[in-house]
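**Q** Below you'll find start.txt; it's compact mmCIF, N, CA and C atoms.
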```txt
# COMPACT_ATOMS: atom_id res chain seq x y z
N MET A 11 68.53 69.53 110.61
CA MET A 11 69.56 68.67 110.07
C MET A 11 69.10 67.22 110.17
N LYS A 12 69.42 66.47 109.14
CA LYS A 12 69.10 65.04 109.14
C LYS A 12 70.35 64.26 108.74
N ILE A 13 70.60 63.21 109.47
CA ILE A 13 71.72 62.33 109.14
C ILE A 13 71.21 61.30 108.16
N ASP A 14 71.78 61.33 106.95
CA ASP A 14 71.33 60.45 105.88
C ASP A 14 71.92 59.06 105.98
N SER A 15 73.21 58.98 106.33
CA SER A 15 73.84 57.66 106.42
C SER A 15 75.11 57.75 107.26
N TYR A 16 75.53 56.60 107.74
CA TYR A 16 76.76 56.49 108.53
C TYR A 16 77.36 55.12 108.33
N TYR A 17 78.65 55.10 108.17
CA TYR A 17 79.44 53.87 108.31
C TYR A 17 80.78 54.28 108.86
N PHE A 18 81.56 53.34 109.31
CA PHE A 18 82.83 53.59 110.00
C PHE A 18 83.64 54.67 109.27
N GLY A 19 83.84 55.81 109.93
CA GLY A 19 84.66 56.87 109.39
C GLY A 19 83.97 57.81 108.40
N ASN A 20 82.67 57.64 108.17
CA ASN A 20 81.98 58.44 107.16
C ASN A 20 80.55 58.71 107.60
N ILE A 21 80.11 59.96 107.41
CA ILE A 21 78.74 60.31 107.73
C ILE A 21 78.24 61.29 106.66
N VAL A 22 76.97 61.18 106.33
CA VAL A 22 76.34 62.10 105.39
C VAL A 22 75.22 62.82 106.13
N ILE A 23 75.31 64.16 106.16
CA ILE A 23 74.34 64.98 106.87
C ILE A 23 73.76 65.97 105.87
N ASP A 24 72.46 65.93 105.70
CA ASP A 24 71.78 66.80 104.73
C ASP A 24 72.48 66.76 103.37
N GLY A 25 72.86 65.56 102.95
CA GLY A 25 73.46 65.36 101.64
C GLY A 25 74.94 65.66 101.53
N LYS A 26 75.56 66.15 102.60
CA LYS A 26 76.99 66.47 102.57
C LYS A 26 77.77 65.42 103.35
N GLU A 27 78.87 64.96 102.76
CA GLU A 27 79.68 63.88 103.34
C GLU A 27 80.80 64.46 104.20
N TYR A 28 81.01 63.81 105.35
CA TYR A 28 82.09 64.18 106.28
C TYR A 28 82.89 62.92 106.62
N ASN A 29 84.19 63.11 106.80
CA ASN A 29 85.07 61.98 107.12
C ASN A 29 85.84 62.19 108.41
N SER A 30 85.35 63.08 109.24
CA SER A 30 85.96 63.29 110.55
C SER A 30 84.84 63.50 111.57
N ASP A 31 85.19 63.41 112.84
CA ASP A 31 84.21 63.56 113.90
C ASP A 31 83.49 64.90 113.77
N VAL A 32 82.22 64.91 114.09
CA VAL A 32 81.39 66.10 113.87
C VAL A 32 80.60 66.47 115.12
N ILE A 33 80.27 67.77 115.18
CA ILE A 33 79.26 68.26 116.10
C ILE A 33 78.14 68.81 115.24
N ILE A 34 76.93 68.35 115.49
CA ILE A 34 75.78 68.80 114.71
C ILE A 34 74.97 69.77 115.56
N PHE A 35 74.98 71.03 115.14
CA PHE A 35 74.17 72.08 115.76
C PHE A 35 72.88 72.20 114.95
N ALA A 36 71.94 72.96 115.41
CA ALA A 36 70.67 73.10 114.70
C ALA A 36 70.85 73.73 113.32
N ASP A 37 71.84 74.61 113.19
CA ASP A 37 72.01 75.36 111.95
C ASP A 37 73.30 75.09 111.18
N ARG A 38 74.15 74.22 111.71
CA ARG A 38 75.43 73.97 111.03
C ARG A 38 76.08 72.69 111.56
N VAL A 39 77.10 72.26 110.84
CA VAL A 39 77.90 71.11 111.25
C VAL A 39 79.34 71.57 111.41
N SER A 40 79.93 71.25 112.54
CA SER A 40 81.35 71.50 112.75
C SER A 40 82.07 70.18 112.48
N SER A 41 82.92 70.19 111.46
CA SER A 41 83.59 68.93 111.07
C SER A 41 85.04 68.88 111.55
N SER A 42 85.35 69.68 112.53
CA SER A 42 86.72 69.69 113.03
C SER A 42 86.77 69.37 114.53
N TRP A 43 85.87 68.52 114.98
CA TRP A 43 85.79 68.21 116.40
C TRP A 43 86.93 67.29 116.80
N ARG A 44 87.80 67.82 117.64
CA ARG A 44 88.90 67.05 118.20
C ARG A 44 88.80 67.12 119.71
N ARG A 45 89.20 66.05 120.36
CA ARG A 45 89.21 66.03 121.81
C ARG A 45 90.64 66.07 122.31
N LEU A 46 90.83 66.61 123.51
CA LEU A 46 92.17 66.70 124.09
C LEU A 46 92.83 65.32 124.16
N LYS A 47 92.04 64.34 124.56
CA LYS A 47 92.48 62.95 124.57
C LYS A 47 91.47 62.20 123.72
N GLY A 48 91.89 61.73 122.58
CA GLY A 48 91.01 61.19 121.54
C GLY A 48 89.82 60.37 121.98
N HIS A 49 90.02 59.45 122.91
CA HIS A 49 88.93 58.56 123.30
C HIS A 49 88.39 58.83 124.71
N LEU A 50 88.61 60.05 125.18
CA LEU A 50 88.07 60.47 126.47
C LEU A 50 87.46 61.85 126.29
N LEU A 51 86.15 61.94 126.43
CA LEU A 51 85.44 63.21 126.30
C LEU A 51 85.52 63.95 127.62
N GLN A 52 86.10 65.16 127.57
CA GLN A 52 86.25 66.00 128.76
C GLN A 52 85.47 67.29 128.58
N LEU A 53 85.31 68.04 129.67
CA LEU A 53 84.55 69.29 129.61
C LEU A 53 85.09 70.25 128.55
N ALA A 54 86.39 70.38 128.45
CA ALA A 54 86.98 71.29 127.48
C ALA A 54 86.59 70.93 126.05
N ASP A 55 86.25 69.68 125.82
CA ASP A 55 85.89 69.21 124.48
C ASP A 55 84.47 69.62 124.07
N ILE A 56 83.67 70.04 125.03
CA ILE A 56 82.28 70.40 124.71
C ILE A 56 81.95 71.85 125.04
N ASN A 57 82.97 72.69 125.23
CA ASN A 57 82.71 74.10 125.55
C ASN A 57 81.82 74.77 124.51
N GLU A 58 82.09 74.52 123.24
CA GLU A 58 81.29 75.14 122.18
C GLU A 58 79.84 74.66 122.25
N ILE A 59 79.65 73.41 122.55
CA ILE A 59 78.29 72.86 122.68
C ILE A 59 77.56 73.54 123.84
N LEU A 60 78.23 73.68 124.96
CA LEU A 60 77.59 74.26 126.15
C LEU A 60 77.19 75.71 125.95
N GLU A 61 77.89 76.43 125.08
CA GLU A 61 77.52 77.83 124.78
C GLU A 61 76.11 77.93 124.20
N TYR A 62 75.64 76.87 123.56
CA TYR A 62 74.31 76.87 122.95
C TYR A 62 73.21 76.49 123.92
N ASN A 63 73.58 76.06 125.12
CA ASN A 63 72.63 75.70 126.16
C ASN A 63 71.53 74.75 125.64
N PRO A 64 71.94 73.60 125.11
CA PRO A 64 70.94 72.66 124.58
C PRO A 64 70.16 71.99 125.70
N ASP A 65 69.00 71.45 125.35
CA ASP A 65 68.23 70.64 126.29
C ASP A 65 68.82 69.24 126.39
N THR A 66 69.35 68.77 125.25
CA THR A 66 69.87 67.41 125.16
C THR A 66 71.18 67.41 124.38
N ILE A 67 72.13 66.63 124.87
CA ILE A 67 73.37 66.39 124.13
C ILE A 67 73.45 64.89 123.87
N ILE A 68 73.62 64.55 122.61
CA ILE A 68 73.79 63.15 122.22
C ILE A 68 75.26 62.96 121.87
N ILE A 69 75.88 61.98 122.50
CA ILE A 69 77.27 61.67 122.22
C ILE A 69 77.34 60.28 121.59
N GLY A 70 77.87 60.23 120.37
CA GLY A 70 78.14 58.96 119.71
C GLY A 70 79.55 58.55 120.05
N THR A 71 79.69 57.44 120.73
CA THR A 71 80.98 57.03 121.30
C THR A 71 81.83 56.19 120.35
N GLY A 72 81.45 56.16 119.08
CA GLY A 72 82.21 55.41 118.09
C GLY A 72 81.49 54.14 117.69
N SER A 73 81.97 53.56 116.61
CA SER A 73 81.36 52.36 116.08
C SER A 73 81.37 51.21 117.10
N TYR A 74 82.44 51.16 117.89
CA TYR A 74 82.57 50.09 118.89
C TYR A 74 82.41 50.61 120.31
N GLY A 75 82.09 51.90 120.45
CA GLY A 75 81.86 52.49 121.77
C GLY A 75 83.12 52.72 122.57
N LEU A 76 84.24 52.96 121.92
CA LEU A 76 85.51 53.08 122.64
C LEU A 76 85.73 54.45 123.28
N MET A 77 85.02 55.47 122.84
CA MET A 77 85.18 56.78 123.46
C MET A 77 84.38 56.80 124.77
N LYS A 78 85.04 57.21 125.82
CA LYS A 78 84.41 57.27 127.14
C LYS A 78 84.14 58.72 127.52
N ILE A 79 83.19 58.93 128.40
CA ILE A 79 82.84 60.25 128.87
C ILE A 79 83.31 60.41 130.31
N HIS A 80 84.14 61.44 130.53
CA HIS A 80 84.68 61.70 131.86
C HIS A 80 83.54 62.03 132.81
N THR A 81 83.66 61.61 134.03
CA THR A 81 82.65 61.84 135.06
C THR A 81 82.32 63.32 135.22
N ASN A 82 83.33 64.19 135.07
CA ASN A 82 83.09 65.63 135.21
C ASN A 82 82.10 66.14 134.18
N VAL A 83 82.11 65.55 132.99
CA VAL A 83 81.15 65.94 131.95
C VAL A 83 79.74 65.58 132.40
N THR A 84 79.58 64.38 132.84
CA THR A 84 78.27 63.91 133.29
C THR A 84 77.74 64.78 134.43
N LEU A 85 78.59 65.09 135.39
CA LEU A 85 78.17 65.91 136.53
C LEU A 85 77.81 67.33 136.10
N GLU A 86 78.61 67.92 135.22
CA GLU A 86 78.33 69.28 134.76
C GLU A 86 77.00 69.34 134.00
N LEU A 87 76.76 68.37 133.15
CA LEU A 87 75.49 68.35 132.41
C LEU A 87 74.31 68.18 133.36
N LYS A 88 74.47 67.35 134.34
CA LYS A 88 73.41 67.16 135.34
C LYS A 88 73.15 68.47 136.08
N ASN A 89 74.22 69.17 136.47
CA ASN A 89 74.08 70.45 137.17
C ASN A 89 73.38 71.50 136.31
N ARG A 90 73.55 71.41 135.01
CA ARG A 90 72.92 72.37 134.09
C ARG A 90 71.55 71.89 133.59
N ASN A 91 71.11 70.76 134.08
CA ASN A 91 69.83 70.16 133.65
C ASN A 91 69.80 69.88 132.15
N ILE A 92 70.93 69.42 131.63
CA ILE A 92 71.03 69.03 130.23
C ILE A 92 71.02 67.50 130.18
N GLU A 93 70.10 66.96 129.42
CA GLU A 93 70.02 65.51 129.26
C GLU A 93 71.20 65.02 128.44
N LEU A 94 71.83 63.95 128.88
CA LEU A 94 72.94 63.33 128.15
C LEU A 94 72.48 61.97 127.65
N ILE A 95 72.62 61.78 126.34
CA ILE A 95 72.37 60.47 125.75
C ILE A 95 73.70 59.99 125.19
N GLU A 96 74.17 58.88 125.70
CA GLU A 96 75.47 58.31 125.32
C GLU A 96 75.23 56.93 124.71
N GLU A 97 75.59 56.79 123.43
CA GLU A 97 75.38 55.52 122.73
C GLU A 97 76.49 55.32 121.71
N LYS A 98 76.64 54.09 121.27
CA LYS A 98 77.49 53.86 120.11
C LYS A 98 76.95 54.72 118.97
N THR A 99 77.81 55.13 118.08
CA THR A 99 77.43 56.15 117.10
C THR A 99 76.22 55.77 116.25
N LYS A 100 76.12 54.55 115.81
CA LYS A 100 74.96 54.16 114.99
C LYS A 100 73.65 54.38 115.74
N LYS A 101 73.60 53.97 116.98
CA LYS A 101 72.40 54.14 117.80
C LYS A 101 72.17 55.62 118.12
N ALA A 102 73.24 56.36 118.40
CA ALA A 102 73.13 57.79 118.67
C ALA A 102 72.52 58.53 117.49
N ILE A 103 72.88 58.12 116.29
CA ILE A 103 72.33 58.73 115.07
C ILE A 103 70.84 58.43 114.95
N GLU A 104 70.45 57.21 115.22
CA GLU A 104 69.03 56.86 115.18
C GLU A 104 68.23 57.75 116.13
N ILE A 105 68.75 57.92 117.34
CA ILE A 105 68.07 58.75 118.33
C ILE A 105 68.03 60.20 117.87
N TYR A 106 69.15 60.70 117.37
CA TYR A 106 69.21 62.08 116.88
C TYR A 106 68.15 62.31 115.81
N ASN A 107 68.07 61.43 114.84
CA ASN A 107 67.09 61.60 113.77
C ASN A 107 65.65 61.56 114.29
N GLN A 108 65.42 60.82 115.37
CA GLN A 108 64.07 60.73 115.94
C GLN A 108 63.68 61.97 116.72
N ILE A 109 64.62 62.58 117.44
CA ILE A 109 64.24 63.64 118.39
C ILE A 109 64.69 65.04 118.00
N SER A 110 65.55 65.19 117.02
CA SER A 110 66.14 66.50 116.75
C SER A 110 65.15 67.54 116.26
N SER A 111 64.06 67.13 115.66
CA SER A 111 63.09 68.12 115.18
C SER A 111 62.18 68.63 116.31
N ASP A 112 62.15 67.91 117.43
CA ASP A 112 61.26 68.27 118.53
C ASP A 112 61.96 68.91 119.72
N ARG A 113 63.29 68.87 119.74
CA ARG A 113 64.04 69.34 120.91
C ARG A 113 65.23 70.18 120.48
N ASN A 114 65.74 70.94 121.44
CA ASN A 114 66.98 71.68 121.27
C ASN A 114 68.11 70.69 121.58
N VAL A 115 68.59 70.01 120.54
CA VAL A 115 69.55 68.93 120.71
C VAL A 115 70.80 69.19 119.87
N ILE A 116 71.93 68.84 120.43
CA ILE A 116 73.21 68.90 119.72
C ILE A 116 73.84 67.52 119.83
N ALA A 117 74.44 67.07 118.73
CA ALA A 117 75.09 65.76 118.73
C ALA A 117 76.58 65.92 118.46
N GLY A 118 77.38 65.22 119.24
CA GLY A 118 78.81 65.08 119.01
C GLY A 118 79.06 63.63 118.66
N LEU A 119 79.56 63.39 117.46
CA LEU A 119 79.66 62.01 116.97
C LEU A 119 81.10 61.63 116.63
N HIS A 120 81.59 60.60 117.30
CA HIS A 120 82.90 60.01 116.99
C HIS A 120 82.63 58.95 115.92
N LEU A 121 83.28 59.07 114.78
CA LEU A 121 82.92 58.25 113.61
C LEU A 121 83.69 56.95 113.48
N THR A 122 84.78 56.79 114.22
CA THR A 122 85.54 55.55 114.08
C THR A 122 85.41 54.75 115.37
N CYS A 123 86.43 54.08 115.78
CA CYS A 123 86.52 53.22 116.95
C CYS A 123 85.25 53.12 117.74
```
Take the structure in this file and express it as structure tokens.

**A**
Amino acid sequence: MKIDSYYFGNIVIDGKEYNSDVIIFADRVSSSWRRLKGHLLQLADINEILEYNPDTIIIGTGSYGLMKIHTNVTLELKNRNIELIEEKTKKAIEIYNQISSDRNVIAGLHLTC
């Protein structure tokens, strides 16, 4: 998967446009990613991601970085030896495009705030 473009509230992945938060898996895009508390990423919000046992999880925290990651998420990923990359969404996308072909990586991207 390659992210073609991004701007506030909109992302194009492999030529397909999405207007809601996404999770990018190696073989598909989930365009219905909702969190229990919109701007706080909790363990329950990444259960589907964890089932894939990725080496790296990239979290795009929004255009302005307003989404925060709960400490329990960070600790759980560390316990599972999963690398966490947390950046504003534009930067997270740049990193995803650079490393996704070489690693088992999943990205969860908040497209607004």

**Q** List as a list in words the protein and nucleic acid residues near Tyr106 (chain A), meaning an atom at most 8 Å away when all atoms listed in the file are counted, but skip any in the same chain fewer than 3 places from it.

**A**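 Near Tyr106 (chain A), the qualifying residues are Met11, Lys12, Ile13, Ile68, Lys100, Lys101, Ala102, Ile103, Ile109, Ser110, Ser111, Val115, Ile116 and Ala117 of chain A.
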
**Q** By how many Å are CA of Leu87 (chain A) and CA of Asp24 (chain A) apart?

**A** 28.0 Å

**Q** Taking the DSSP assignment computed from this structure's backbone, write out as a PyMOL selection string all residues of chain A that belong to strand (DSSP E or B).

**A** chain A and resi 13-17+20-23+26-28+32-34+39-40+47+50-51+66-70+78-79+93-97+115-119

**Q** Would you output that residue set with N, CA and C atoms, as a CSV table (one decimal), keeping the file's coordinate frame?

**A**
```
chain,number,residue,atom,x,y,z
A,13,ILE,N,70.6,63.2,109.5
A,13,ILE,CA,71.7,62.3,109.1
A,13,ILE,C,71.2,61.3,108.2
A,14,ASP,N,71.8,61.3,107.0
A,14,ASP,CA,71.3,60.4,105.9
A,14,ASP,C,71.9,59.1,106.0
A,15,SER,N,73.2,59.0,106.3
A,15,SER,CA,73.8,57.7,106.4
A,15,SER,C,75.1,57.8,107.3
A,16,TYR,N,75.5,56.6,107.7
A,16,TYR,CA,76.8,56.5,108.5
A,16,TYR,C,77.4,55.1,108.3
A,17,TYR,N,78.6,55.1,108.2
A,17,TYR,CA,79.4,53.9,108.3
A,17,TYR,C,80.8,54.3,108.9
A,20,ASN,N,82.7,57.6,108.2
A,20,ASN,CA,82.0,58.4,107.2
A,20,ASN,C,80.6,58.7,107.6
A,21,ILE,N,80.1,60.0,107.4
A,21,ILE,CA,78.7,60.3,107.7
A,21,ILE,C,78.2,61.3,106.7
A,22,VAL,N,77.0,61.2,106.3
A,22,VAL,CA,76.3,62.1,105.4
A,22,VAL,C,75.2,62.8,106.1
A,23,ILE,N,75.3,64.2,106.2
A,23,ILE,CA,74.3,65.0,106.9
A,23,ILE,C,73.8,66.0,105.9
A,26,LYS,N,75.6,66.2,102.6
A,26,LYS,CA,77.0,66.5,102.6
A,26,LYS,C,77.8,65.4,103.4
A,27,GLU,N,78.9,65.0,102.8
A,27,GLU,CA,79.7,63.9,103.3
A,27,GLU,C,80.8,64.5,104.2
A,28,TYR,N,81.0,63.8,105.4
A,28,TYR,CA,82.1,64.2,106.3
A,28,TYR,C,82.9,62.9,106.6
A,32,VAL,N,82.2,64.9,114.1
A,32,VAL,CA,81.4,66.1,113.9
A,32,VAL,C,80.6,66.5,115.1
A,33,ILE,N,80.3,67.8,115.2
A,33,ILE,CA,79.3,68.3,116.1
A,33,ILE,C,78.1,68.8,115.2
A,34,ILE,N,76.9,68.4,115.5
A,34,ILE,CA,75.8,68.8,114.7
A,34,ILE,C,75.0,69.8,115.6
A,39,VAL,N,77.1,72.3,110.8
A,39,VAL,CA,77.9,71.1,111.2
A,39,VAL,C,79.3,71.6,111.4
A,40,SER,N,79.9,71.2,112.5
A,40,SER,CA,81.4,71.5,112.8
A,40,SER,C,82.1,70.2,112.5
A,47,LYS,N,92.0,64.3,124.6
A,47,LYS,CA,92.5,63.0,124.6
A,47,LYS,C,91.5,62.2,123.7
A,50,LEU,N,88.6,60.0,125.2
A,50,LEU,CA,88.1,60.5,126.5
A,50,LEU,C,87.5,61.8,126.3
A,51,LEU,N,86.2,61.9,126.4
A,51,LEU,CA,85.4,63.2,126.3
A,51,LEU,C,85.5,64.0,127.6
A,66,THR,N,69.4,68.8,125.2
A,66,THR,CA,69.9,67.4,125.2
A,66,THR,C,71.2,67.4,124.4
A,67,ILE,N,72.1,66.6,124.9
A,67,ILE,CA,73.4,66.4,124.1
A,67,ILE,C,73.4,64.9,123.9
A,68,ILE,N,73.6,64.6,122.6
A,68,ILE,CA,73.8,63.2,122.2
A,68,ILE,C,75.3,63.0,121.9
A,69,ILE,N,75.9,62.0,122.5
A,69,ILE,CA,77.3,61.7,122.2
A,69,ILE,C,77.3,60.3,121.6
A,70,GLY,N,77.9,60.2,120.4
A,70,GLY,CA,78.1,59.0,119.7
A,70,GLY,C,79.6,58.6,120.0
A,78,LYS,N,85.0,57.2,125.8
A,78,LYS,CA,84.4,57.3,127.1
A,78,LYS,C,84.1,58.7,127.5
A,79,ILE,N,83.2,58.9,128.4
A,79,ILE,CA,82.8,60.2,128.9
A,79,ILE,C,83.3,60.4,130.3
A,93,GLU,N,70.1,67.0,129.4
A,93,GLU,CA,70.0,65.5,129.3
A,93,GLU,C,71.2,65.0,128.4
A,94,LEU,N,71.8,64.0,128.9
A,94,LEU,CA,72.9,63.3,128.2
A,94,LEU,C,72.5,62.0,127.6
A,95,ILE,N,72.6,61.8,126.3
A,95,ILE,CA,72.4,60.5,125.8
A,95,ILE,C,73.7,60.0,125.2
A,96,GLU,N,74.2,58.9,125.7
A,96,GLU,CA,75.5,58.3,125.3
A,96,GLU,C,75.2,56.9,124.7
A,97,GLU,N,75.6,56.8,123.4
A,97,GLU,CA,75.4,55.5,122.7
A,97,GLU,C,76.5,55.3,121.7
A,115,VAL,N,68.6,70.0,120.5
A,115,VAL,CA,69.6,68.9,120.7
A,115,VAL,C,70.8,69.2,119.9
A,116,ILE,N,71.9,68.8,120.4
A,116,ILE,CA,73.2,68.9,119.7
A,116,ILE,C,73.8,67.5,119.8
A,117,ALA,N,74.4,67.1,118.7
A,117,ALA,CA,75.1,65.8,118.7
A,117,ALA,C,76.6,65.9,118.5
A,118,GLY,N,77.4,65.2,119.2
A,118,GLY,CA,78.8,65.1,119.0
A,118,GLY,C,79.1,63.6,118.7
A,119,LEU,N,79.6,63.4,117.5
A,119,LEU,CA,79.7,62.0,117.0
A,119,LEU,C,81.1,61.6,116.6
```

**Q** Any idea what the distance is between CA of Arg44 (chain A) and atom N of Asp31 (chain A)?

**A**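 Atom N of Asp31 (chain A) lies at a distance of 7.5 Å from CA of Arg44 (chain A).
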
**Q** For a test of reading the model, state the distance in Å between CA of Lys78 (chain A) and atom N of Tyr28 (chain A), rounded to one decimal.

**A**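 Straight-line distance from CA of Lys78 (chain A) to atom N of Tyr28 (chain A) works out to 23.0 Å.
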
**Q** Nearest to Thr66 (chain A): which of A:His49, A:His120, A:Arg113, A:Lys88 is it, counting all atoms listed in the file?

**A**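 Of A:His49, A:His120, A:Arg113, A:Lys88, the one nearest Thr66 (chain A), counting all atoms listed in the file, is A:Arg113.
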
**Q** Using only C-alpha atoms, which residues sit within 9 Å of Asn20 (chain A) once same-chain residues fewer than 3 positions away are excluded, as a PDB file with N, CA and C atoms, keeping the file's coordinate frame?

**A**
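Saved as out.pdb:
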```
ATOM      1  N   SER A  15      73.210  58.980 106.330  1.00  0.00           N
ATOM      2  CA  SER A  15      73.840  57.660 106.420  1.00  0.00           C
ATOM      3  C   SER A  15      75.110  57.750 107.260  1.00  0.00           C
ATOM      4  N   TYR A  16      75.530  56.600 107.740  1.00  0.00           N
ATOM      5  CA  TYR A  16      76.760  56.490 108.530  1.00  0.00           C
ATOM      6  C   TYR A  16      77.360  55.120 108.330  1.00  0.00           C
ATOM      7  N   TYR A  17      78.650  55.100 108.170  1.00  0.00           N
ATOM      8  CA  TYR A  17      79.440  53.870 108.310  1.00  0.00           C
ATOM      9  C   TYR A  17      80.780  54.280 108.860  1.00  0.00           C
ATOM     10  N   GLU A  27      78.870  64.960 102.760  1.00  0.00           N
ATOM     11  CA  GLU A  27      79.680  63.880 103.340  1.00  0.00           C
ATOM     12  C   GLU A  27      80.800  64.460 104.200  1.00  0.00           C
ATOM     13  N   TYR A  28      81.010  63.810 105.350  1.00  0.00           N
ATOM     14  CA  TYR A  28      82.090  64.180 106.280  1.00  0.00           C
ATOM     15  C   TYR A  28      82.890  62.920 106.620  1.00  0.00           C
ATOM     16  N   ASN A  29      84.190  63.110 106.800  1.00  0.00           N
ATOM     17  CA  ASN A  29      85.070  61.980 107.120  1.00  0.00           C
ATOM     18  C   ASN A  29      85.840  62.190 108.410  1.00  0.00           C
ATOM     19  N   SER A  30      85.350  63.080 109.240  1.00  0.00           N
ATOM     20  CA  SER A  30      85.960  63.290 110.550  1.00  0.00           C
ATOM     21  C   SER A  30      84.840  63.500 111.570  1.00  0.00           C
ATOM     22  N   ASP A  31      85.190  63.410 112.840  1.00  0.00           N
ATOM     23  CA  ASP A  31      84.210  63.560 113.900  1.00  0.00           C
ATOM     24  C   ASP A  31      83.490  64.900 113.770  1.00  0.00           C
ATOM     25  N   LEU A 121      83.280  59.070 114.780  1.00  0.00           N
ATOM     26  CA  LEU A 121      82.920  58.250 113.610  1.00  0.00           C
ATOM     27  C   LEU A 121      83.690  56.950 113.480  1.00  0.00           C
ATOM     28  N   THR A 122      84.780  56.790 114.220  1.00  0.00           N
ATOM     29  CA  THR A 122      85.540  55.550 114.080  1.00  0.00           C
ATOM     30  C   THR A 122      85.410  54.750 115.370  1.00  0.00           C
TER      31      THR A 122
END
```

**Q** When distances are computed from only C-alpha atoms, which of A:Cys123, A:Ile34, A:Ile95, A:Ile105 shows the smallest separation from Tyr62 (chain A)?

**A**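 Going through A:Cys123, A:Ile34, A:Ile95, A:Ile105 one by one, the smallest distance to Tyr62 (chain A) is for A:Ile34.
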
**Q** When distances are computed from only C-alpha atoms, which of A:Ser42, A:Gly25, A:Leu53, A:Leu119 shows the smallest separation from Glu104 (chain A)?

**A** A:Leu119

**Q** For Thr99 (chain A), list every protein, DNA or RNA residue within 6 Å, evaluated using only C-alpha atoms, and leave out those in the same chain fewer than 4 positions away; present the list as number ranges by chain.

**A** A: 70-73

**Q** Could you give me, as a ChimeraX atom specification, the residues within 12 Å of Asn91 (chain A), counting only C-alpha atoms and dropping anything in the same chain fewer than 3 positions from it?

**A** /A:60,63-67,84-88,94

**Q** Mind the document's chain letters and residue numbers, and return as a list of chain:residue names the residues of chain A that DSSP labels alpha helix (DSSP H).

**A** A:Asn57, A:Glu58, A:Ile59, A:Leu60, A:Glu61, A:Thr81, A:Asn82, A:Val83, A:Thr84, A:Leu85, A:Glu86, A:Leu87, A:Lys88, A:Asn89, A:Thr99, A:Lys100, A:Lys101, A:Ala102, A:Ile103, A:Glu104, A:Ile105, A:Tyr106, A:Asn107, A:Gln108, A:Ile109

**Q** Select, from A:Asp112, A:Glu96, A:Asp37, A:Asp14, the residue with the minimum atom-to-atom distance to His80 (chain A), counting only C-alpha atoms.

**A**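 Closest to His80 (chain A) of all the choices is A:Glu96.
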
**Q** Just checking: using only C-alpha atoms, which residue out of A:Ile59, A:Ile69, A:Val32, A:Leu50 ends up closest to Asn82 (chain A)?

**A**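 Between A:Ile59, A:Ile69, A:Val32, A:Leu50, the residue approaching Asn82 (chain A) most closely is A:Leu50.
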
**Q** Could you check the closest approach to Tyr74 (chain A) for each of A:Lys98, A:Ala36, A:Asn114, A:Gln108 and tell me which residue wins, using all atoms listed in the file?

**A**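 The shortest atom-to-atom distance to Tyr74 (chain A) comes from A:Lys98.
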
**Q** Given 3 Å on each side, where is the centre and what are the edge lengths in Å to one decimal of the axis-aligned box enclosing the listed atoms of region 47-53 of chain A, as AutoDock Vina command-line options?

**A**
```
--center_x 88.5 --center_y 64.4 --center_z 125.6 --size_x 13.9 --size_y 17.7 --size_z 14.1
```
